[in-house]
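What's in model10.cif: mmCIF, N, CA and C atoms
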data_data
loop_
_atom_site.label_atom_id
_atom_site.label_comp_id
_atom_site.auth_asym_id
_atom_site.auth_seq_id
_atom_site.Cartn_x
_atom_site.Cartn_y
_atom_site.Cartn_z
N CYS Q 1 64.50 66.80 109.77
CA CYS Q 1 65.78 67.46 109.91
C CYS Q 1 66.29 67.27 111.34
N PHE Q 2 67.58 67.30 111.48
CA PHE Q 2 68.23 67.06 112.76
C PHE Q 2 67.73 68.03 113.84
N MET Q 3 67.76 69.32 113.53
CA MET Q 3 67.36 70.30 114.53
C MET Q 3 65.87 70.24 114.82
N CYS Q 4 65.06 69.88 113.83
CA CYS Q 4 63.61 69.77 114.06
C CYS Q 4 63.32 68.73 115.13
N VAL Q 5 64.03 67.61 115.06
CA VAL Q 5 63.85 66.55 116.05
C VAL Q 5 64.26 67.04 117.43
N LEU Q 6 65.41 67.74 117.51
CA LEU Q 6 65.86 68.24 118.81
C LEU Q 6 64.88 69.26 119.38
N ARG Q 7 64.33 70.14 118.53
CA ARG Q 7 63.38 71.15 119.02
C ARG Q 7 62.14 70.48 119.59
N LEU Q 8 61.71 69.37 118.98
CA LEU Q 8 60.54 68.66 119.50
C LEU Q 8 60.86 67.96 120.81
N GLN Q 9 62.08 67.40 120.92
CA GLN Q 9 62.47 66.71 122.14
C GLN Q 9 62.74 67.67 123.28
N TYR Q 10 63.20 68.87 122.96
CA TYR Q 10 63.59 69.85 123.97
C TYR Q 10 62.91 71.18 123.69
N PRO Q 11 61.60 71.27 123.89
CA PRO Q 11 60.89 72.51 123.56
C PRO Q 11 61.34 73.71 124.36
N VAL Q 12 61.98 73.51 125.50
CA VAL Q 12 62.49 74.61 126.31
C VAL Q 12 63.38 75.50 125.46
N PHE Q 13 64.12 74.90 124.55
CA PHE Q 13 65.12 75.62 123.80
C PHE Q 13 64.60 76.25 122.53
N SER Q 14 63.34 76.12 122.23
CA SER Q 14 62.84 76.68 120.98
C SER Q 14 61.98 77.93 121.20
N GLU Q 15 61.78 78.34 122.45
CA GLU Q 15 60.85 79.41 122.72
C GLU Q 15 61.50 80.72 123.15
N GLN Q 16 62.82 80.82 123.03
CA GLN Q 16 63.49 82.05 123.43
C GLN Q 16 63.31 83.13 122.39
N ASN Q 17 62.97 84.33 122.82
CA ASN Q 17 62.83 85.46 121.91
C ASN Q 17 64.14 86.22 121.75
N THR Q 18 65.01 86.12 122.74
CA THR Q 18 66.23 86.90 122.76
C THR Q 18 67.18 86.51 121.63
N LEU Q 19 67.26 85.25 121.32
CA LEU Q 19 68.20 84.74 120.33
C LEU Q 19 67.49 84.34 119.05
N THR Q 20 68.25 84.33 117.97
CA THR Q 20 67.69 83.84 116.72
C THR Q 20 67.49 82.34 116.81
N VAL Q 21 66.75 81.79 115.88
CA VAL Q 21 66.54 80.34 115.85
C VAL Q 21 67.88 79.63 115.72
N ARG Q 22 68.75 80.13 114.85
CA ARG Q 22 70.06 79.50 114.66
C ARG Q 22 70.88 79.56 115.95
N GLN Q 23 70.85 80.68 116.63
CA GLN Q 23 71.58 80.79 117.89
C GLN Q 23 71.01 79.83 118.93
N SER Q 24 69.69 79.69 118.95
CA SER Q 24 69.06 78.74 119.85
C SER Q 24 69.47 77.31 119.53
N ASP Q 25 69.53 77.01 118.24
CA ASP Q 25 69.97 75.68 117.81
C ASP Q 25 71.38 75.39 118.32
N ILE Q 26 72.25 76.37 118.19
CA ILE Q 26 73.63 76.20 118.60
C ILE Q 26 73.72 76.02 120.12
N LEU Q 27 72.98 76.81 120.88
CA LEU Q 27 73.00 76.65 122.34
C LEU Q 27 72.45 75.30 122.76
N LEU Q 28 71.45 74.82 122.06
CA LEU Q 28 70.91 73.50 122.36
C LEU Q 28 71.98 72.44 122.18
N LEU Q 29 72.71 72.52 121.08
CA LEU Q 29 73.76 71.54 120.82
C LEU Q 29 74.90 71.67 121.83
N ILE Q 30 75.25 72.90 122.20
CA ILE Q 30 76.26 73.11 123.24
C ILE Q 30 75.80 72.46 124.54
N SER Q 31 74.53 72.63 124.87
CA SER Q 31 73.99 72.08 126.13
C SER Q 31 74.01 70.56 126.12
N LYS Q 32 74.03 69.96 124.94
CA LYS Q 32 74.08 68.51 124.83
C LYS Q 32 75.52 67.99 124.73
N GLY Q 33 76.50 68.92 124.86
CA GLY Q 33 77.89 68.51 124.90
C GLY Q 33 78.61 68.49 123.56
N HIS Q 34 77.98 69.00 122.51
CA HIS Q 34 78.63 69.03 121.20
C HIS Q 34 79.73 70.09 121.16
N GLN Q 35 80.76 69.79 120.42
CA GLN Q 35 81.86 70.73 120.18
C GLN Q 35 81.58 71.54 118.92
N THR Q 36 82.32 72.62 118.73
CA THR Q 36 82.11 73.52 117.60
C THR Q 36 82.13 72.78 116.27
N LYS Q 37 83.10 71.90 116.07
CA LYS Q 37 83.20 71.16 114.79
C LYS Q 37 81.99 70.27 114.56
N GLN Q 38 81.50 69.62 115.63
CA GLN Q 38 80.32 68.77 115.51
C GLN Q 38 79.09 69.60 115.15
N ILE Q 39 78.97 70.75 115.79
CA ILE Q 39 77.83 71.63 115.52
C ILE Q 39 77.88 72.10 114.08
N ALA Q 40 79.05 72.51 113.64
CA ALA Q 40 79.21 72.98 112.25
C ALA Q 40 78.79 71.88 111.28
N TYR Q 41 79.22 70.67 111.53
CA TYR Q 41 78.86 69.55 110.66
C TYR Q 41 77.35 69.32 110.66
N ASN Q 42 76.75 69.31 111.84
CA ASN Q 42 75.30 69.08 111.95
C ASN Q 42 74.48 70.16 111.26
N LEU Q 43 74.97 71.40 111.31
CA LEU Q 43 74.22 72.51 110.73
C LEU Q 43 74.64 72.83 109.30
N GLY Q 44 75.69 72.18 108.82
CA GLY Q 44 76.14 72.40 107.44
C GLY Q 44 76.81 73.74 107.24
N VAL Q 45 77.55 74.20 108.25
CA VAL Q 45 78.27 75.47 108.17
C VAL Q 45 79.72 75.25 108.58
N LYS Q 46 80.53 76.28 108.44
CA LYS Q 46 81.93 76.20 108.85
C LYS Q 46 82.05 76.40 110.36
N PRO Q 47 83.07 75.79 110.97
CA PRO Q 47 83.28 76.01 112.41
C PRO Q 47 83.43 77.49 112.77
N GLU Q 48 84.00 78.28 111.88
CA GLU Q 48 84.15 79.71 112.14
C GLU Q 48 82.79 80.41 112.26
N THR Q 49 81.82 79.92 111.50
CA THR Q 49 80.47 80.48 111.58
C THR Q 49 79.86 80.18 112.94
N VAL Q 50 80.04 78.95 113.40
CA VAL Q 50 79.53 78.57 114.72
C VAL Q 50 80.21 79.42 115.80
N SER Q 51 81.52 79.60 115.68
CA SER Q 51 82.24 80.42 116.65
C SER Q 51 81.72 81.86 116.67
N ALA Q 52 81.43 82.39 115.50
CA ALA Q 52 80.88 83.75 115.43
C ALA Q 52 79.51 83.82 116.10
N HIS Q 53 78.69 82.81 115.89
CA HIS Q 53 77.38 82.76 116.55
C HIS Q 53 77.55 82.68 118.07
N LEU Q 54 78.48 81.84 118.52
CA LEU Q 54 78.71 81.70 119.95
C LEU Q 54 79.18 83.01 120.57
N LYS Q 55 80.03 83.72 119.87
CA LYS Q 55 80.48 85.03 120.36
C LYS Q 55 79.31 85.99 120.49
N ALA Q 56 78.44 86.01 119.48
CA ALA Q 56 77.25 86.88 119.51
C ALA Q 56 76.30 86.47 120.64
N ILE Q 57 76.15 85.18 120.85
CA ILE Q 57 75.29 84.68 121.92
C ILE Q 57 75.82 85.14 123.28
N ARG Q 58 77.11 84.94 123.50
CA ARG Q 58 77.71 85.35 124.77
C ARG Q 58 77.55 86.85 124.99
N ARG Q 59 77.72 87.63 123.93
CA ARG Q 59 77.57 89.08 124.03
C ARG Q 59 76.12 89.44 124.39
N LYS Q 60 75.16 88.85 123.69
CA LYS Q 60 73.75 89.15 123.94
C LYS Q 60 73.33 88.81 125.37
N LEU Q 61 73.84 87.68 125.86
CA LEU Q 61 73.42 87.21 127.19
C LEU Q 61 74.32 87.72 128.31
N GLY Q 62 75.42 88.34 127.95
CA GLY Q 62 76.36 88.81 128.96
C GLY Q 62 77.09 87.67 129.64
N ALA Q 63 77.37 86.63 128.88
CA ALA Q 63 78.03 85.43 129.42
C ALA Q 63 79.52 85.45 129.10
N LYS Q 64 80.30 84.86 129.99
CA LYS Q 64 81.74 84.79 129.78
C LYS Q 64 82.14 83.50 129.06
N THR Q 65 81.36 82.46 129.22
CA THR Q 65 81.66 81.17 128.60
C THR Q 65 80.40 80.62 127.94
N ASN Q 66 80.56 79.60 127.13
CA ASN Q 66 79.41 78.96 126.50
C ASN Q 66 78.51 78.30 127.55
N ALA Q 67 79.14 77.67 128.54
CA ALA Q 67 78.35 77.02 129.60
C ALA Q 67 77.54 78.06 130.37
N HIS Q 68 78.13 79.20 130.63
CA HIS Q 68 77.43 80.28 131.31
C HIS Q 68 76.26 80.77 130.46
N ALA Q 69 76.46 80.84 129.14
CA ALA Q 69 75.39 81.26 128.23
C ALA Q 69 74.21 80.29 128.30
N VAL Q 70 74.50 79.00 128.31
CA VAL Q 70 73.43 77.99 128.42
C VAL Q 70 72.68 78.17 129.72
N LYS Q 71 73.40 78.36 130.81
CA LYS Q 71 72.77 78.53 132.12
C LYS Q 71 71.85 79.76 132.13
N LEU Q 72 72.35 80.88 131.63
CA LEU Q 72 71.55 82.10 131.60
C LEU Q 72 70.32 81.94 130.73
N TRP Q 73 70.48 81.29 129.62
CA TRP Q 73 69.40 81.08 128.66
C TRP Q 73 68.28 80.25 129.28
N ILE Q 74 68.66 79.19 129.97
CA ILE Q 74 67.66 78.34 130.64
C ILE Q 74 66.96 79.13 131.74
N GLU Q 75 67.73 79.88 132.52
CA GLU Q 75 67.13 80.70 133.58
C GLU Q 75 66.15 81.71 133.00
N MET Q 76 66.51 82.33 131.88
CA MET Q 76 65.63 83.30 131.24
C MET Q 76 64.33 82.64 130.79
N PHE Q 77 64.43 81.45 130.24
CA PHE Q 77 63.23 80.75 129.78
C PHE Q 77 62.30 80.48 130.96
N TYR Q 78 62.85 79.92 132.04
CA TYR Q 78 61.99 79.58 133.17
C TYR Q 78 61.45 80.82 133.87
N SER Q 79 62.22 81.89 133.89
CA SER Q 79 61.75 83.15 134.45
C SER Q 79 60.55 83.67 133.65
N GLU Q 80 60.68 83.66 132.33
CA GLU Q 80 59.59 84.10 131.45
C GLU Q 80 58.38 83.18 131.57
N ARG Q 81 58.63 81.90 131.65
CA ARG Q 81 57.54 80.93 131.77
C ARG Q 81 56.78 81.13 133.08
N ASN Q 82 57.50 81.35 134.17
CA ASN Q 82 56.84 81.59 135.45
C ASN Q 82 56.03 82.87 135.43
N ARG Q 83 56.56 83.89 134.77
CA ARG Q 83 55.84 85.15 134.64
C ARG Q 83 54.52 84.94 133.88
N SER Q 84 54.57 84.17 132.81
CA SER Q 84 53.38 83.89 132.01
C SER Q 84 52.37 83.08 132.81
N ASP Q 85 52.85 82.10 133.56
CA ASP Q 85 51.96 81.27 134.39
C ASP Q 85 51.27 82.12 135.45
N ASN Q 86 52.01 83.04 136.07
CA ASN Q 86 51.43 83.89 137.12
C ASN Q 86 50.40 84.85 136.57
N GLN Q 87 50.59 85.32 135.35
CA GLN Q 87 49.64 86.25 134.75
C GLN Q 87 48.35 85.56 134.32
N SER Q 88 48.46 84.28 133.94
CA SER Q 88 47.26 83.58 133.45
C SER Q 88 46.49 82.90 134.60
N GLY Q 89 47.08 82.79 135.77
CA GLY Q 89 46.41 82.09 136.84
C GLY Q 89 46.20 82.89 138.00
#
Can the structure in the file be given as structure tokens, please?
Amino acid sequence: CFMCVLRLQYPVFSEQNTLTVRQSDILLLISKGHQTKQIAYNLGVKPETVSAHLKAIRRKLGAKTNAHAVKLWIEMFYSERNRSDNQSG
């Protein structure tokens, strides 16, 4: 599946607990430069569904834009990863 390949290529984007898997999929595609219509086509949903997910993502992360959401999401992942590394070492 399309998203399975992306999750394997970009594991950073598959380990977030804050967002659902679908929301993570959408942020991954946004981070790769895909537009709402392209994402909808790739995921087999309507563009309105993708827009609703993006709105929920921005709300959850406190982001004003999709790009800001991607930035916050990546920062959260690395922050959590560093915390885990410090606890185990």
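Atom to atom, atom N of Leu43 in chain Q and atom C of Arg22 in chain Q stand 10.2 Å apart.
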Next item on the list: Report the residues retrieved by the PyMOL selection byres ((chain Q and resi 37) around 8) from the displayed file, expressed as a list of chain:residue names.
Entry: Q:His34, Q:Gln35, Q:Thr36, Q:Gln38, Q:Ile39, Q:Ala40, Q:Tyr41, Q:Asn42, Q:Leu43, Q:Lys46, Q:Pro47, Q:Glu48, Q:Val50, Q:Ser51
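Here atom N of Phe77 in chain Q stands at a distance of 18.9 Å from atom N of Lys55 in chain Q.
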Note to self: as a list of chain:residue names, please: the residues near Leu72 in chain Q (cut-off 9 Å, only C-alpha atoms, same-chain neighbours under 4 positions excluded).
What the structure shows: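 The filter keeps Q:Leu61, Q:Gly62, Q:Ala63, Q:Ala67, Q:His68, Q:Met76, Q:Phe77.
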Check: Interatomic distance between atom N of Tyr78 in chain Q and atom C of Thr49 in chain Q?
Finding: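 Computed distance, atom N of Tyr78 in chain Q to atom C of Thr49 in chain Q, equals 25.6 Å.
Taking only C-alpha atoms into account, Ser31 in chain Q lies nearest to Q:Lys71 out of the set Q:Leu19, Q:Ser79, Q:Lys71, Q:Val45.
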Item checked: Which of Q:Val21, Q:Arg59, Q:Ala52, Q:Asn66 sits closest to Gly33 in chain Q [using only C-alpha atoms] ->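 Of Q:Val21, Q:Arg59, Q:Ala52, Q:Asn66, the one nearest Gly33 in chain Q is Q:Asn66, counting only C-alpha atoms.
Compared by their closest atoms to Ile26 in chain Q, and using only C-alpha atoms, the residues Q:Thr65, Q:Ile74, Q:His53, Q:Lys60 rank with Q:His53 nearest.
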Could you work out an axis-aligned box for range 50-68 of chain Q, taking every atom the file lists and adding 4 Å on each side, and report centre and edge lengths in Å to one decimal, as lines of an AutoDock Vina configuration file?
center_x = 77.8
center_y = 83.2
center_z = 122.4
size_x = 16.9
size_y = 20.4
size_z = 25.9
